[in-house]
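Colleague: Encoded as C-alpha cells, here's the structure I'll be asking about.
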Amino acid sequence: MNSPRSILHLDADAFYASVEQAADSRLRGKPMAVGGETRGVISSASYEARALGVRTAMSTTQAKRICPSLILVPGDFEKYERFSRLMFSYAYDLTPDVEVCSIDEGYLDLSKQGQGRPCDSAIQLAKVIRDNLKITISQGLASNKFCSAVASKLKKPNNFIEVPAGTEREFLAPLPSRWLPGIGKKTESLFVGAGLTFISDVTHMPLKELERIAGSSASALQSFALGVDPRPVIPASAAPKSFGEQETFTSNSQDEFFILAVLRSMTDRLCRRLRDEGLAARTLTLRIRYKDMEDMMRSESIHEPSPHESDFYPLLHLLLRKAWTRPESLRLVGVRITNLHAALPEPELALTGLAQKSATERLQLAEASDLLRRRYGKKAILRGHDLWLRKKLSSGEGGGDSLSGPGKN
C-alpha cells in the first residue's frame with residue numbers, strides 16, 4: 001500500500017502590502033494599503049488596516065473614511081514579482097517538486113524529501129522567508145492539494161495547520177460549503193437553499209440530486225467534500241505558471257491584419273482561462289517564426305494585472321512591430337501571458353466615479369460572455385476579429401502571402 005503524500009500549500013499573507021512594509025520600515029506596524037492609483041480600489045491591505053475594517057476591493061474613498069490614518073501606496077508589481085521569485089527560491093531549496101500557482105501561492109510535494117519530517121520543513125520554510133524577506137506566509141500540510149489549500153487559508157496570517165492522513169473528511173465536514181471549488185459568493189446561496197450549508201451536507205446528498213444543483217461537476221465536488229483529491233503537484237522549472245497558445249499558418253503570411261486578428265483571438269482564449277481560474281496577468285510575450293524558421297520573441301507588461309483581453313490588445317500591435325523586423329512572411333505566431341496574480345475582486349455595488357463603474361461593468365460583461373460560451377458553445381459570442389477571421393478562412397485565404405490588410409509599413 002502506498003504511503004500518504006505530503007503536500008504543502010504556501011500562501012503569502014497580504015502579499016502586496018507585506019512586501020511594501022518589508023521594503024520600507026516606516027510602513028511596518030501601520031495601517032497601510034496598496035491601490036487606488038488607477039481603479040480607485042484597494043488591492044491589498046496590511047493586517048493593521050484590516051483590523052480597522054479596510055478590505056481588498058473596497059473603494060479607497062470608503063477605506064479612508066473608515067481609517068483616516070490609512071497610508072496609501074501605489075502598486076509596484078515588478079517589486080512584487082521579484083519578491084515572489086525570491087520566496088519560491090526557498091521552496092526550491094526543499095524540493096524540486098514545486099508548482100507555482102500565482103505570484104503568492106504554490107504547492108510543494110514533500111513526500112520524497114530525504115531527511116526530516118514535512119511539518120518541520122514547513123516551519124523552517126516560514127522562518128527562512130520571514131527572516132530574509134520580512135514577510136510571513138501561511139501553510140497547510142495534508143495528503144492532497146485541496147485539503148492543504150484549505151488548511152493554509154483557514155487561520156491566516158502567519159499560521160500552519162497540518163491535516164493528518166485519514167482525517168481529511170473530518171477536517172472539512174464542519175466548514176461552509178463555499179470552501180469547495182466552484183462555489184463562490186454568487187452561487188453559495190443556491191447551494192444553501194438546497195440544504196448544502198456545510199461541506200458535510202455535500203457528502204451526504206445522493207449524487208443524482210447533487211447533479212441537479214452542480215451539473216456535471218457534481219461528482220468532482222463530492223470527491224473534494226470527502227477529502228479526496230488525486231491531483232498531482234505539477235513541478236515546472238523555476239518559471240511560474242503561464243498560459244500560452246501558438247498557431248502555424250496553413251501558408252506563410254505577410255498579412256498584418258490577419259496576423260493581428262489571430263493574435264487577438266488567442267489572447268481572448270487565454271484571458272478566458274485566466275478568469276476561469278480567478279487569475280489576472282501582467283506580462284504578454286509574443287513569438288513569431290519566419291518562413292526560414294528563425295524565431296523572435298518580445299515581451300511587454302501592463303502596469304496592473306488584468307484578466308481582460310482588451311487590456312492586452314494594444315501590446316499585440318506594439319510587440320508584432322518590435323519582433324517582425326525583416327520583410328519576410330511568417331510561418332507561426334504565438335502568445336503567452338505570465339506574471340500571474342490573484343484577480344482583484346470587483347465591488348458588488350458600483351462605487352463613485354465613472355472609471356470604477358466601468359471596471360465593474362467590464363468584469364460583469366466578461367463573466368456573462370464566458371458563461372454564455374460555456375453553455376452554448378465557443379461560437380455563441382464572437383468579437384469583430386473572430387467574424388473577420390471566419391469570413392477570411394471560409395473563403396480559403398487563411399492569411400496566405402496577400403497584403404489585403406493594412407500591410408507591413
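Following the order of the C-alpha cells, first chain is A, next is B, and so on, with residues numbered from 1 inside each chain and ligands from 1 in the order they appear.
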If we count only C-alpha atoms and set the cut-off at 9 Å, which residues sit around segment 11-27 of chain A, ignoring sequence neighbours fewer than 3 positions away in its own chain? Please answer as a VMD selection string.
Modeller: chain A and resid 30 to 34 43 to 47 71 73 75 to 77 79 to 80 83 103 to 106 133 to 140 149 152 to 153 156 to 158
Colleague: Write a file of the selected residues as an mmCIF file, in the first residue's frame, keeping C-alpha atoms.
Modeller:
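selection.cif written:
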data_model
loop_
_atom_site.group_PDB
_atom_site.id
_atom_site.type_symbol
_atom_site.label_atom_id
_atom_site.label_comp_id
_atom_site.auth_asym_id
_atom_site.auth_seq_id
_atom_site.Cartn_x
_atom_site.Cartn_y
_atom_site.Cartn_z
ATOM 1 C CA LYS A 30 0.976 50.861 10.484
ATOM 2 C CA PRO A 31 -2.392 50.679 8.699
ATOM 3 C CA MET A 32 -1.470 50.869 5.018
ATOM 4 C CA ALA A 33 -2.808 49.604 1.734
ATOM 5 C CA VAL A 34 -1.771 49.192 -1.877
ATOM 6 C CA SER A 43 -5.569 45.876 -3.985
ATOM 7 C CA SER A 44 -4.093 44.712 -0.675
ATOM 8 C CA ALA A 45 -4.372 45.910 2.919
ATOM 9 C CA SER A 46 -1.976 45.315 5.793
ATOM 10 C CA TYR A 47 -3.307 43.394 8.762
ATOM 11 C CA ILE A 71 -1.359 55.169 4.250
ATOM 12 C CA VAL A 73 0.914 53.234 -1.595
ATOM 13 C CA GLY A 75 1.319 49.274 -6.647
ATOM 14 C CA ASP A 76 4.815 48.255 -7.756
ATOM 15 C CA PHE A 77 4.223 44.929 -9.465
ATOM 16 C CA LYS A 79 8.832 44.569 -6.977
ATOM 17 C CA TYR A 80 6.132 42.035 -6.029
ATOM 18 C CA PHE A 83 9.849 39.103 -4.046
ATOM 19 C CA ILE A 103 2.558 35.278 -7.524
ATOM 20 C CA ASP A 104 1.822 34.424 -3.876
ATOM 21 C CA GLU A 105 0.599 30.820 -3.832
ATOM 22 C CA GLY A 106 2.029 27.419 -4.645
ATOM 23 C CA LEU A 133 12.250 38.727 3.147
ATOM 24 C CA LYS A 134 10.480 40.190 6.208
ATOM 25 C CA ILE A 135 7.128 38.785 5.085
ATOM 26 C CA THR A 136 5.004 35.991 6.556
ATOM 27 C CA ILE A 137 3.301 33.024 4.953
ATOM 28 C CA SER A 138 0.508 30.681 5.991
ATOM 29 C CA GLN A 139 0.789 26.996 5.172
ATOM 30 C CA GLY A 140 -1.323 23.865 5.103
ATOM 31 C CA ALA A 149 -5.011 24.754 0.343
ATOM 32 C CA SER A 152 -3.391 27.298 4.618
ATOM 33 C CA LYS A 153 -6.250 29.790 4.317
ATOM 34 C CA LYS A 156 -4.280 33.470 8.384
ATOM 35 C CA PRO A 157 -1.900 35.184 8.938
ATOM 36 C CA ASN A 158 1.413 33.511 9.829
#
Colleague: Mind checking which residues fall within 12 Å of Arg326 of chain A, counting only C-alpha atoms, ignoring those fewer than 4 positions away in the same chain, and posting them as a list of chain:residue names?
Modeller: A:Gln254, A:Ile288, A:Arg289, A:Tyr290, A:Lys291, A:Asp292, A:Glu294, A:Asp295, A:Met296, A:Leu320, A:Arg321, A:Lys322, A:Leu330, A:Lys408, A:Asn409
Colleague: Using only C-alpha atoms, which of A:Cys271, A:Val202, A:Leu125, A:Ile7 sits nearest Lys145 of chain A?
Modeller: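 The closest residue to Lys145 of chain A is A:Ile7.
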Colleague: Quick one: distance from atom CA of Thr197 of chain A to atom CA of Ser177 of chain A in Å, one decimal?
Modeller: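 Computing the Euclidean distance for atom CA of Thr197 of chain A and atom CA of Ser177 of chain A yields 5.6 Å.
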Colleague: I need the strand (DSSP E) residues of segment 149-388 of chain A per DSSP on the backbone, written as a PyMOL selection string.
Modeller: chain A and resi 160-162+243-253+279-290+295-306+330-342
Colleague: With a distance cut-off of 6 Å and only C-alpha atoms, select the neighbouring residues of Val54 of chain A, excluding the residue or stretch itself and same-chain residues fewer than 4 positions from it, and output the selection as a ChimeraX atom specification.
Modeller: /A:49-50,63
Colleague: Take the residues from that selection and write them out as a short mmCIF file (atom, residue, chain, number, x, y, z; two decimals), in the first residue's frame, keeping N, CA and C atoms.
Modeller:
data_model
loop_
_atom_site.label_atom_id
_atom_site.label_comp_id
_atom_site.auth_asym_id
_atom_site.auth_seq_id
_atom_site.Cartn_x
_atom_site.Cartn_y
_atom_site.Cartn_z
N ALA A 49 -4.40 47.49 8.91
CA ALA A 49 -5.53 48.17 8.29
C ALA A 49 -6.77 47.28 8.33
N ARG A 50 -6.58 45.98 8.15
CA ARG A 50 -7.73 45.07 8.20
C ARG A 50 -8.39 45.08 9.57
N ALA A 63 -12.33 53.34 2.29
CA ALA A 63 -11.24 52.92 3.16
C ALA A 63 -10.71 54.09 3.99
#
Colleague: Which is closest to Val150 of chain A among A:Pro181, A:Gly215, A:Pro235, A:Gly166, if we use only C-alpha atoms?
Modeller: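 Among the listed residues, the smallest separation from Val150 of chain A belongs to A:Pro181.
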Colleague: To one decimal place in Å, what is the distance between atom CA of Ile129 of chain A and atom CA of Tyr90 of chain A?
Modeller: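 Between these atoms lies a distance of 7.3 Å.
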Colleague: Name the residues in contact with Leu221 of chain A at a cut-off of 12 Å, using only C-alpha atoms, excluding same-chain residues fewer than 3 positions from it; report them as number ranges by chain.
Modeller: A: 146, 177-183, 191, 196, 199-203, 205, 207, 210-211, 213-218, 224-229
Colleague: Pick from A:Ser102, A:Thr283, A:Thr60, A:Ser111: nearest to Phe88 of chain A, with only C-alpha atoms counted?
Modeller: A:Ser102
Colleague: From the options A:Phe258, A:Trp324, A:Tyr313, A:Phe249, which residue's atoms come nearest to Glu300 of chain A, counting only C-alpha atoms?
Modeller: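 The closest residue to Glu300 of chain A is A:Tyr313.
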Colleague: My list of candidates is A:Pro307, A:Pro68, A:Gly53, A:Pro74. Which is closest to Gly40 of chain A when distances are computed with only C-alpha atoms?
Modeller: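 Counting only C-alpha atoms, the residue closest to Gly40 of chain A is A:Pro74.
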